[in-house]
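Dumped start.txt below, it's compact mmCIF, C-alpha atoms:
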# COMPACT_ATOMS: atom_id res chain seq x y z
CA MET U 1 0.00 0.00 0.00
CA ASN U 2 1.62 3.31 -1.05
CA ALA U 3 1.61 6.68 0.71
CA LEU U 4 -1.12 8.14 -1.50
CA THR U 5 -3.43 5.25 -0.68
CA ASN U 6 -2.80 5.67 3.03
CA ILE U 7 -3.60 9.38 2.82
CA ALA U 8 -6.75 8.77 0.81
CA GLU U 9 -7.94 6.28 3.42
CA SER U 10 -7.21 8.76 6.22
CA ALA U 11 -9.32 11.38 4.45
CA THR U 12 -12.33 9.07 4.30
CA THR U 13 -12.01 7.37 7.69
CA PRO U 14 -15.22 8.00 9.65
CA ALA U 15 -15.13 9.84 12.95
CA VAL U 16 -14.71 7.74 16.06
CA GLN U 17 -17.15 8.64 18.82
CA ASP U 18 -16.57 7.70 22.43
CA ASP U 19 -19.08 9.35 24.72
CA ASN U 20 -17.41 7.78 27.76
CA ALA U 21 -13.97 9.21 27.03
CA ASP U 22 -12.61 11.66 29.59
CA GLY U 23 -10.59 13.54 26.95
CA PRO U 24 -11.05 14.28 23.27
CA SER U 25 -11.98 11.37 21.03
CA VAL U 26 -10.22 10.59 17.75
CA ALA U 27 -12.27 12.16 14.98
CA GLN U 28 -9.93 11.24 12.10
CA PRO U 29 -6.48 9.64 11.78
CA LEU U 30 -3.93 11.90 10.08
CA PRO U 31 -0.99 10.84 7.94
CA ALA U 32 2.50 11.22 9.36
CA PRO U 33 4.29 14.33 8.04
CA ALA U 34 6.91 12.15 6.32
CA ALA U 35 4.21 10.16 4.50
CA LEU U 36 2.50 13.29 3.18
CA LYS U 37 5.82 14.79 2.10
CA GLU U 38 6.65 11.58 0.25
CA ALA U 39 3.26 11.41 -1.44
CA ILE U 40 3.29 15.09 -2.47
CA GLY U 41 6.97 15.67 -2.83
CA LEU U 42 9.29 18.26 -4.30
CA GLU U 43 11.58 17.90 -7.28
CA PRO U 44 15.25 18.78 -6.70
CA VAL U 45 14.84 21.96 -8.75
CA MET U 46 12.01 23.10 -6.44
CA LYS U 47 14.10 22.42 -3.34
CA ALA U 48 16.93 24.48 -4.80
CA GLN U 49 14.52 27.27 -5.69
CA ILE U 50 13.11 27.42 -2.15
CA ALA U 51 16.62 27.46 -0.68
CA GLY U 52 17.46 30.35 -3.00
CA HIS U 53 14.37 32.31 -1.99
CA ARG U 54 15.13 31.83 1.71
CA GLN U 55 18.66 33.06 1.18
CA ALA U 56 17.43 36.11 -0.75
CA ILE U 57 15.10 37.00 2.14
CA ARG U 58 17.95 36.57 4.65
CA GLU U 59 20.09 38.97 2.63
CA ILE U 60 17.31 41.58 2.64
CA LEU U 61 16.88 41.22 6.41
CA GLU U 62 20.64 41.59 6.89
CA GLY U 63 20.87 44.65 4.64
CA ARG U 64 23.00 42.93 2.00
CA ASP U 65 20.19 43.18 -0.57
CA SER U 66 18.61 46.63 -0.90
CA ARG U 67 15.34 45.38 -2.39
CA LEU U 68 12.08 45.73 -0.48
CA LEU U 69 10.57 42.47 0.81
CA VAL U 70 6.84 42.43 -0.01
CA VAL U 71 4.62 39.68 1.39
CA MET U 72 1.24 39.94 -0.31
CA GLY U 73 -1.77 37.80 -1.06
CA PRO U 74 -5.17 36.79 0.29
CA CYS U 75 -5.92 37.12 3.98
CA SER U 76 -6.61 33.39 3.79
CA ILE U 77 -6.74 30.79 1.05
CA HIS U 78 -10.12 29.12 0.63
CA ASP U 79 -10.26 28.28 -3.08
CA ARG U 80 -7.53 26.58 -5.12
CA ASP U 81 -8.52 28.09 -8.47
CA SER U 82 -8.53 31.70 -7.31
CA ALA U 83 -5.28 31.14 -5.38
CA LEU U 84 -3.51 29.88 -8.50
CA ASP U 85 -5.06 32.68 -10.57
CA TYR U 86 -3.62 35.19 -8.10
CA ALA U 87 -0.25 33.40 -8.06
CA ARG U 88 0.09 33.56 -11.85
CA ARG U 89 -0.61 37.30 -11.84
CA LEU U 90 1.77 37.86 -8.94
CA LYS U 91 4.57 35.94 -10.65
CA GLN U 92 4.28 38.17 -13.72
CA LEU U 93 4.35 41.27 -11.50
CA ALA U 94 7.26 39.88 -9.47
CA ASP U 95 9.34 39.47 -12.61
CA GLU U 96 8.50 43.02 -13.66
CA VAL U 97 9.56 44.69 -10.37
CA GLY U 98 12.28 42.24 -9.37
CA ASP U 99 15.08 44.82 -9.48
CA SER U 100 13.62 46.78 -6.56
CA MET U 101 11.33 44.31 -4.78
CA LEU U 102 11.12 40.66 -3.82
CA LEU U 103 7.47 39.61 -3.94
CA VAL U 104 6.42 36.67 -1.77
CA MET U 105 2.91 35.23 -1.88
CA ARG U 106 0.84 34.90 1.29
CA VAL U 107 -0.50 31.35 1.35
CA TYR U 108 -2.23 31.38 4.73
CA VAL U 109 -4.04 28.11 5.41
CA GLU U 110 -4.63 28.51 9.15
CA LYS U 111 -6.64 31.32 10.70
CA PRO U 112 -6.47 32.34 14.37
CA ARG U 113 -9.87 32.78 15.98
CA THR U 114 -10.69 34.98 18.96
CA THR U 115 -13.92 33.02 19.43
CA VAL U 116 -15.09 30.50 16.81
CA GLY U 117 -15.27 30.33 13.03
CA TRP U 118 -13.67 28.80 9.96
CA LYS U 119 -10.09 27.87 10.84
CA GLY U 120 -8.64 27.70 7.35
CA LEU U 121 -8.03 25.44 4.37
CA ALA U 122 -5.83 23.02 6.31
CA TYR U 123 -8.64 22.41 8.81
CA ASP U 124 -11.82 22.58 6.75
CA PRO U 125 -11.16 22.46 2.98
CA HIS U 126 -14.87 22.06 2.14
CA LEU U 127 -15.86 25.19 4.13
CA ASP U 128 -18.77 23.32 5.67
CA GLY U 129 -17.64 22.36 9.16
CA SER U 130 -16.79 18.79 8.14
CA ASP U 131 -13.16 19.45 9.23
CA ASN U 132 -11.57 16.89 6.93
CA MET U 133 -8.04 17.78 7.99
CA ALA U 134 -6.35 14.86 6.22
CA GLU U 135 -7.74 16.19 2.94
CA GLY U 136 -6.99 19.76 3.98
CA LEU U 137 -3.33 19.01 4.61
CA ALA U 138 -3.02 17.20 1.28
CA SER U 139 -4.77 20.08 -0.52
CA THR U 140 -2.44 22.54 1.17
CA ARG U 141 0.70 20.70 0.06
CA ARG U 142 -0.56 20.33 -3.51
CA LEU U 143 -1.41 24.03 -3.72
CA MET U 144 1.90 25.13 -2.23
CA ARG U 145 3.80 22.81 -4.55
CA ASP U 146 1.94 24.19 -7.58
CA ILE U 147 2.64 27.78 -6.54
CA THR U 148 6.29 26.88 -6.01
CA GLU U 149 6.36 25.38 -9.50
CA LEU U 150 5.34 28.80 -10.85
CA GLY U 151 8.54 30.20 -9.34
CA LEU U 152 7.06 32.15 -6.43
CA PRO U 153 8.32 32.10 -2.85
CA ILE U 154 5.63 31.28 -0.27
CA ALA U 155 4.82 32.97 3.04
CA CYS U 156 2.67 31.34 5.70
CA GLU U 157 1.58 32.06 9.26
CA LEU U 158 2.27 29.00 11.40
CA LEU U 159 -0.43 28.74 14.02
CA GLN U 160 -0.68 25.10 15.15
CA PRO U 161 2.89 23.84 15.79
CA MET U 162 1.97 20.26 14.89
CA LEU U 163 0.95 21.33 11.38
CA SER U 164 4.22 23.07 10.51
CA ALA U 165 5.91 19.72 9.84
CA TYR U 166 3.48 19.07 6.96
CA MET U 167 4.53 22.17 5.00
CA ASP U 168 7.80 23.59 6.37
CA ASP U 169 9.82 22.41 3.36
CA LEU U 170 7.66 24.57 1.04
CA ILE U 171 7.78 27.87 2.91
CA SER U 172 10.34 30.63 2.28
CA TRP U 173 9.13 33.06 4.98
CA ALA U 174 7.00 32.37 8.04
CA ALA U 175 5.07 34.53 10.48
CA VAL U 176 4.03 34.13 14.09
CA GLY U 177 0.91 36.13 14.88
CA ALA U 178 0.25 38.69 17.58
CA ARG U 179 -1.72 36.21 19.69
CA THR U 180 1.03 33.57 19.66
CA THR U 181 4.29 35.55 19.70
CA GLU U 182 4.35 35.28 23.50
CA SER U 183 3.82 31.50 23.42
CA GLN U 184 6.77 29.37 24.52
CA ILE U 185 5.58 26.55 22.26
CA HIS U 186 5.71 28.80 19.19
CA ARG U 187 9.13 30.13 20.12
CA GLU U 188 10.41 26.56 20.35
CA MET U 189 8.81 25.80 16.98
CA VAL U 190 10.53 28.81 15.37
CA SER U 191 13.88 27.75 16.81
CA ALA U 192 13.67 24.66 14.57
CA LEU U 193 12.36 26.31 11.40
CA PRO U 194 14.64 26.41 8.35
CA MET U 195 13.32 29.73 7.02
CA PRO U 196 13.36 33.41 8.11
CA THR U 197 10.46 34.19 10.44
CA GLY U 198 8.72 37.40 11.49
CA PHE U 199 7.25 37.85 14.96
CA LYS U 200 4.35 40.30 15.14
CA ASN U 201 4.07 42.74 18.01
CA GLY U 202 1.50 41.94 20.69
CA THR U 203 -2.17 42.81 20.31
CA ASP U 204 -1.60 45.74 22.67
CA GLY U 205 0.88 47.21 20.18
CA GLY U 206 3.92 46.57 22.38
CA ILE U 207 7.04 45.08 20.81
CA GLN U 208 8.76 43.62 23.89
CA VAL U 209 7.07 40.23 23.47
CA ALA U 210 8.42 40.05 19.91
CA ILE U 211 11.91 41.06 21.04
CA ASP U 212 11.80 38.35 23.69
CA ALA U 213 10.57 35.84 21.12
CA MET U 214 13.41 36.70 18.75
CA GLY U 215 15.98 36.30 21.49
CA THR U 216 14.49 33.00 22.68
CA SER U 217 14.07 31.40 19.25
CA ARG U 218 17.62 32.03 18.12
CA HIS U 219 18.78 29.59 20.78
CA GLY U 220 18.51 25.83 20.55
CA HIS U 221 15.85 24.07 22.62
CA ARG U 222 14.81 20.60 23.73
CA TYR U 223 11.06 20.22 23.83
CA PRO U 224 8.33 17.58 23.48
CA GLY U 225 6.75 17.12 20.08
CA PHE U 226 6.29 14.61 17.28
CA ASP U 227 8.89 13.26 14.89
CA ASP U 228 8.34 13.03 11.13
CA GLN U 229 6.63 9.66 11.61
CA GLY U 230 4.09 11.18 14.00
CA ARG U 231 5.57 9.55 17.12
CA PRO U 232 5.90 11.44 20.42
CA ALA U 233 9.51 12.46 20.87
CA LEU U 234 11.89 14.82 22.63
CA LEU U 235 12.94 17.21 19.87
CA ARG U 236 16.13 19.23 19.69
CA SER U 237 16.48 22.45 17.68
CA ARG U 238 19.59 24.38 16.69
CA GLY U 239 18.07 27.85 16.92
CA ASN U 240 16.89 30.20 14.19
CA PRO U 241 19.09 33.29 13.65
CA ASP U 242 16.83 34.72 10.94
CA THR U 243 13.99 36.34 12.88
CA HIS U 244 12.68 39.90 12.78
CA LEU U 245 9.89 42.21 13.96
CA VAL U 246 6.58 42.79 12.19
CA LEU U 247 4.69 45.93 13.23
CA ARG U 248 0.92 45.43 12.89
CA GLY U 249 -0.50 48.04 15.26
CA GLY U 250 -2.50 47.28 18.37
CA HIS U 251 -5.55 48.08 20.48
CA HIS U 252 -4.50 51.72 20.70
CA GLY U 253 -4.01 52.20 16.96
CA ALA U 254 -1.26 52.13 14.36
CA ASN U 255 2.49 51.86 14.99
CA PHE U 256 4.06 52.57 11.61
CA ASP U 257 4.64 56.31 12.17
CA ASP U 258 8.16 57.79 12.35
CA LYS U 259 8.28 57.84 16.15
CA SER U 260 7.07 54.25 16.54
CA VAL U 261 9.47 52.91 13.91
CA GLU U 262 12.44 54.84 15.31
CA LYS U 263 11.73 53.57 18.83
CA ALA U 264 11.30 50.01 17.59
CA ALA U 265 14.61 50.13 15.72
CA PHE U 266 16.34 51.54 18.82
CA ASP U 267 14.85 48.89 21.13
CA LEU U 268 15.79 46.08 18.73
CA ARG U 269 19.41 47.23 18.55
CA ALA U 270 19.55 47.69 22.32
CA ALA U 271 18.35 44.11 22.79
CA GLY U 272 21.04 42.78 20.44
CA VAL U 273 18.60 41.27 17.95
CA SER U 274 17.96 42.04 14.28
CA SER U 275 16.84 45.63 13.68
CA ALA U 276 15.02 44.64 10.48
CA ILE U 277 11.37 45.72 10.53
CA MET U 278 8.44 44.74 8.36
CA VAL U 279 5.22 46.76 8.50
CA ASP U 280 1.91 44.95 8.15
CA CYS U 281 -0.19 47.42 6.18
CA SER U 282 -3.40 45.72 7.33
CA HIS U 283 -4.87 44.94 10.77
CA ALA U 284 -4.66 47.79 13.27
CA ASN U 285 -2.28 49.77 11.05
CA SER U 286 -5.10 50.29 8.54
CA GLY U 287 -7.97 50.18 11.02
CA LYS U 288 -8.97 46.94 9.23
CA ASP U 289 -9.98 49.02 6.22
CA PRO U 290 -8.31 47.46 3.15
CA ALA U 291 -8.62 50.74 1.23
CA ARG U 292 -6.18 52.33 3.71
CA GLN U 293 -3.39 49.84 3.07
CA PRO U 294 -1.84 51.91 0.24
CA LEU U 295 -1.62 54.89 2.62
CA VAL U 296 0.39 52.78 5.05
CA LEU U 297 2.53 51.41 2.22
CA ASN U 298 3.38 54.87 0.91
CA GLU U 299 4.25 56.12 4.40
CA VAL U 300 6.66 53.21 4.85
CA ILE U 301 8.30 54.02 1.51
CA ARG U 302 8.59 57.69 2.49
CA GLN U 303 10.41 56.76 5.70
CA ARG U 304 12.59 54.27 3.89
CA LEU U 305 13.63 56.79 1.25
CA ASN U 306 14.33 59.30 4.02
CA GLY U 307 16.92 56.97 5.47
CA MET U 308 15.12 54.56 7.82
CA SER U 309 17.18 51.55 6.75
CA SER U 310 15.53 49.24 9.31
CA LEU U 311 12.35 49.24 7.23
CA VAL U 312 13.04 46.28 4.96
CA GLY U 313 9.57 44.90 4.23
CA VAL U 314 5.82 45.31 4.05
CA MET U 315 2.82 43.00 4.12
CA LEU U 316 -0.39 43.53 2.14
CA GLU U 317 -3.69 41.64 2.22
CA SER U 318 -4.64 41.45 -1.43
CA HIS U 319 -6.95 39.26 -3.49
CA LEU U 320 -8.44 39.22 -6.98
CA GLU U 321 -11.40 41.35 -5.91
CA THR U 322 -11.78 44.06 -3.29
CA GLY U 323 -13.37 43.51 0.12
CA LYS U 324 -14.70 40.38 1.82
CA GLN U 325 -17.80 38.21 1.87
CA PRO U 326 -19.56 36.05 4.45
CA LEU U 327 -19.02 32.32 4.28
CA GLY U 328 -22.14 30.94 2.62
CA ALA U 329 -23.55 28.64 -0.04
CA GLU U 330 -22.70 30.86 -3.03
CA LEU U 331 -19.30 32.52 -2.92
CA ARG U 332 -18.05 35.16 -5.32
CA TYR U 333 -14.84 34.19 -7.07
CA GLY U 334 -11.67 35.83 -5.79
CA VAL U 335 -13.23 37.55 -2.74
CA SER U 336 -11.86 36.95 0.75
CA ILE U 337 -13.99 35.09 3.30
CA THR U 338 -11.96 36.42 6.24
CA ASP U 339 -10.49 39.96 6.45
CA GLY U 340 -11.14 42.43 3.66
CA CYS U 341 -8.49 42.64 0.96
CA LEU U 342 -7.29 45.12 -1.61
CA GLY U 343 -8.33 44.08 -5.14
CA TRP U 344 -5.78 42.95 -7.72
CA ALA U 345 -6.05 46.01 -9.97
CA GLU U 346 -5.29 48.34 -7.04
CA SER U 347 -2.59 46.05 -5.68
CA GLU U 348 -0.81 45.89 -9.01
CA HIS U 349 -1.04 49.65 -9.46
CA HIS U 350 0.45 50.45 -6.05
CA ILE U 351 3.25 47.89 -6.34
CA ARG U 352 4.26 49.32 -9.70
CA PHE U 353 4.14 52.85 -8.28
CA VAL U 354 6.33 51.91 -5.32
CA ALA U 355 8.78 50.06 -7.59
CA LYS U 356 9.11 53.22 -9.68
CA ARG U 357 9.79 55.33 -6.58
CA LEU U 358 12.41 52.90 -5.32
CA SER U 359 14.09 52.69 -8.72
CA GLU U 360 14.29 56.47 -9.04
CA GLN U 361 15.67 56.89 -5.52
CA PRO U 362 17.27 53.61 -4.43
CA VAL U 363 18.05 53.09 -0.76
Let me see the file written as structure tokens.
Amino acid sequence: MNALTNIAESATTPAVQDDNADGPSVAQPLPAPAALKEAIGLEPVMKAQIAGHRQAIREILEGRDSRLLVVMGPCSIHDRDSALDYARRLKQLADEVGDSMLLVMRVYVEKPRTTVGWKGLAYDPHLDGSDNMAEGLASTRRLMRDITELGLPIACELLQPMLSAYMDDLISWAAVGARTTESQIHREMVSALPMPTGFKNGTDGGIQVAIDAMGTSRHGHRYPGFDDQGRPALLRSRGNPDTHLVLRGGHHGANFDDKSVEKAAFDLRAAGVSSAIMVDCSHANSGKDPARQPLVLNEVIRQRLNGMSSLVGVMLESHLETGKQPLGAELRYGVSITDGCLGWAESEHHIRFVAKRLSEQPV
């Protein structure tokens, strides 16, 4: 029986109910990370490409590459066709602006939830609460592999540490969100990741939790987890030296203004960690209004061109169409079902405009 057959059987295995169980019951067996990676594998040329993208991002973070790192794409991926449509357009744009920017596609397949709701493609690929995670993980790997085949680097927020092992070989840049930056488990996870990773500031807008996370994750750790065969194990990490801060605003408003950025850069240097800063143009920095993202983007570029060398990257929530829609029976193609996004036409326009500004006045 081959790996694909095992995965297919996992995806169709019925839920196991045990009303007498004291803890959670097994709803569905999942394939081991190694089995899924074998079934949906990477060609040597793809592995080399991903390694090259990771190195390019490291060089931007270290100031050895003057290009702007731009992580952009849908708030969350819910539809394979629209995701690949977006990826093809982004690849064409990336080639066009490659002298001044490195474009990386957001392929977010997990969504943090303050209360309840759809948790992302990896959890619920059918968007109906059936939570077929075995199928969701396979769909995620196939999609990421296909986007990689187009030549694009992939960015992903890693929310559930157990899931990172199913996709870590495909990701060129990772993020840890505001709600999880303070988590010891996520810091241990990052210490083992093979790609550069951004820690977002806390939901209160403070950056100390991110600074602490950067310092902690660059060291090696021993911690309980699962090996690539899905067996409980004591894991050992070497530490991840390629971490940085992502400013996303907080409960009290935005934090991408001159004063906030200058203070963040000072505090990062004082702590002895990387002073590289990415600004998330969405979330609290835009007041969750996607139409305000270009205003944030242009302010970041102004500061950068005025000499703020710590500003090395931006993040944009962008999809084929503007706005968002509720999760329902009939979904409009290319419209986010989570946070509102900037439409493709506007995204393309603003990226081209910024590329022109950077080319005329390089950092």
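In this comparison, which uses all atoms listed in the file, the residue of U:Gln208, U:Ser282, U:Asn306, U:Ser191 approaching U:Asn240 most closely is U:Ser191.
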Task: Among the residues U:Gly117, U:Gly98, U:Gly52, U:Pro33, the one that comes closest to U:Ser359 [using all atoms listed in the file] - done: U:Gly98
Task: Selected residue, from U:Gly250, U:Pro29, U:Gly307, U:Gly343, that lies nearest to U:Glu135 when counting all atoms listed in the file - done: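 That would be U:Pro29, the residue with the smallest distance to U:Glu135.
Nearest residue to U:Pro153, choosing from U:Ala35, U:Leu358, U:Met214, U:Met195 and counting all atoms listed in the file: U:Met195.
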Task: For U:Leu103, the nearest of the candidates U:Pro31, U:Gly151, U:Gly63, U:Gly328, counting all atoms listed in the file - done: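 For U:Leu103, the nearest of the given residues is U:Gly151.
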Open item on the list: Considering all atoms listed in the file, can you say which of U:His350, U:Gln92, U:Ala175, U:Asp212 comes closest to U:Gly272?
Closed with: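 Of U:His350, U:Gln92, U:Ala175, U:Asp212, the one nearest U:Gly272 is U:Asp212, counting all atoms listed in the file.
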Open item on the list: I need every residue sitting at most 10 Å from the point (-7.8, 30.0, -3.7) (coordinates as in the file, all atoms listed in the file considered), written as a PyMOL selection string.
Closed with: chain U and resi 74+76-87+107+121+143+319-320+333-336
Open item on the list: Please compute the atom CA of U:Pro232-atom CA of U:Ser164 distance, one decimal, in Å.
Closed with: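 Here the two named atoms are 15.4 Å from each other.
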Task: Atomic distance atom CA of U:Leu159 - atom CA of U:Asp339, expressed in Å with one decimal - done: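 Separating atom CA of U:Leu159 from atom CA of U:Asp339 is a distance of 16.9 Å.
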TODO: Show which residues sit within 12 Å of U:Asp65, as JSON, numbers by chain. Count all atoms listed in the file, and ignore same-chain residues fewer than 3 positions away.
DONE: {"U": [55, 56, 57, 58, 59, 60, 61, 62, 68, 69, 98, 99, 100, 101, 102, 309, 312, 313, 362, 363]}
Task: Atom pair atom CA of U:Ala233 / atom CA of U:Asp168: separation (Å) - done: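 One can read the atom CA of U:Ala233 to atom CA of U:Asp168 distance as 18.4 Å.
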Residue contacts of U:His283 (9 Å, all atoms listed in the file) excluding same-chain residues fewer than 6 positions away, as a PDB file with C-alpha atoms, keeping the file's coordinate frame:
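To be explicit, this is the file written out as around_35.pdb:
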ATOM      1  CA  ARG U 248       0.920  45.430  12.890  1.00  0.00           C
ATOM      2  CA  GLY U 249      -0.500  48.040  15.260  1.00  0.00           C
ATOM      3  CA  GLY U 250      -2.500  47.280  18.370  1.00  0.00           C
ATOM      4  CA  ALA U 254      -1.260  52.130  14.360  1.00  0.00           C
ATOM      5  CA  ASP U 289      -9.980  49.020   6.220  1.00  0.00           C
ATOM      6  CA  PRO U 290      -8.310  47.460   3.150  1.00  0.00           C
ATOM      7  CA  ASP U 339     -10.490  39.960   6.450  1.00  0.00           C
TER       8      ASP U 339
END
Task: Selection near stretch 108-110 of chain U, 12 Å with only C-alpha atoms, sequence-local residues under 6 positions removed, as a PyMOL selection string - done: chain U and resi 71-80+83+117-125+133+136-141+143-144+154-161+163-164+166-167+171+173-177+317+336+338
- [ ] Give me the residues within 6 Å of U:Gly198 as a ChimeraX atom specification, counting only C-alpha atoms and dropping any in the same chain fewer than 5 places off.
- [x] /U:175,243-246
Open item on the list: I'd like the neighbourhood of U:Glu188 as an MDAnalysis selection string, where a residue qualifies if any of its atoms comes within 12 Å (using only C-alpha atoms), though same-chain residues fewer than 2 positions away should be ignored.
Closed with: chainID U and resid 161:162 176 180:186 190:193 213:225 235:240
Padding 8 Å on each side, edges along x, y and z: where is the centre of the box around the listed atoms of stretch 334-338 of chain U, and how long are its edges in Å to one decimal? Output it as JSON.
{"center_x": -12.8, "center_y": 36.3, "center_z": 0.2, "size_x": 18.3, "size_y": 18.5, "size_z": 28.0}
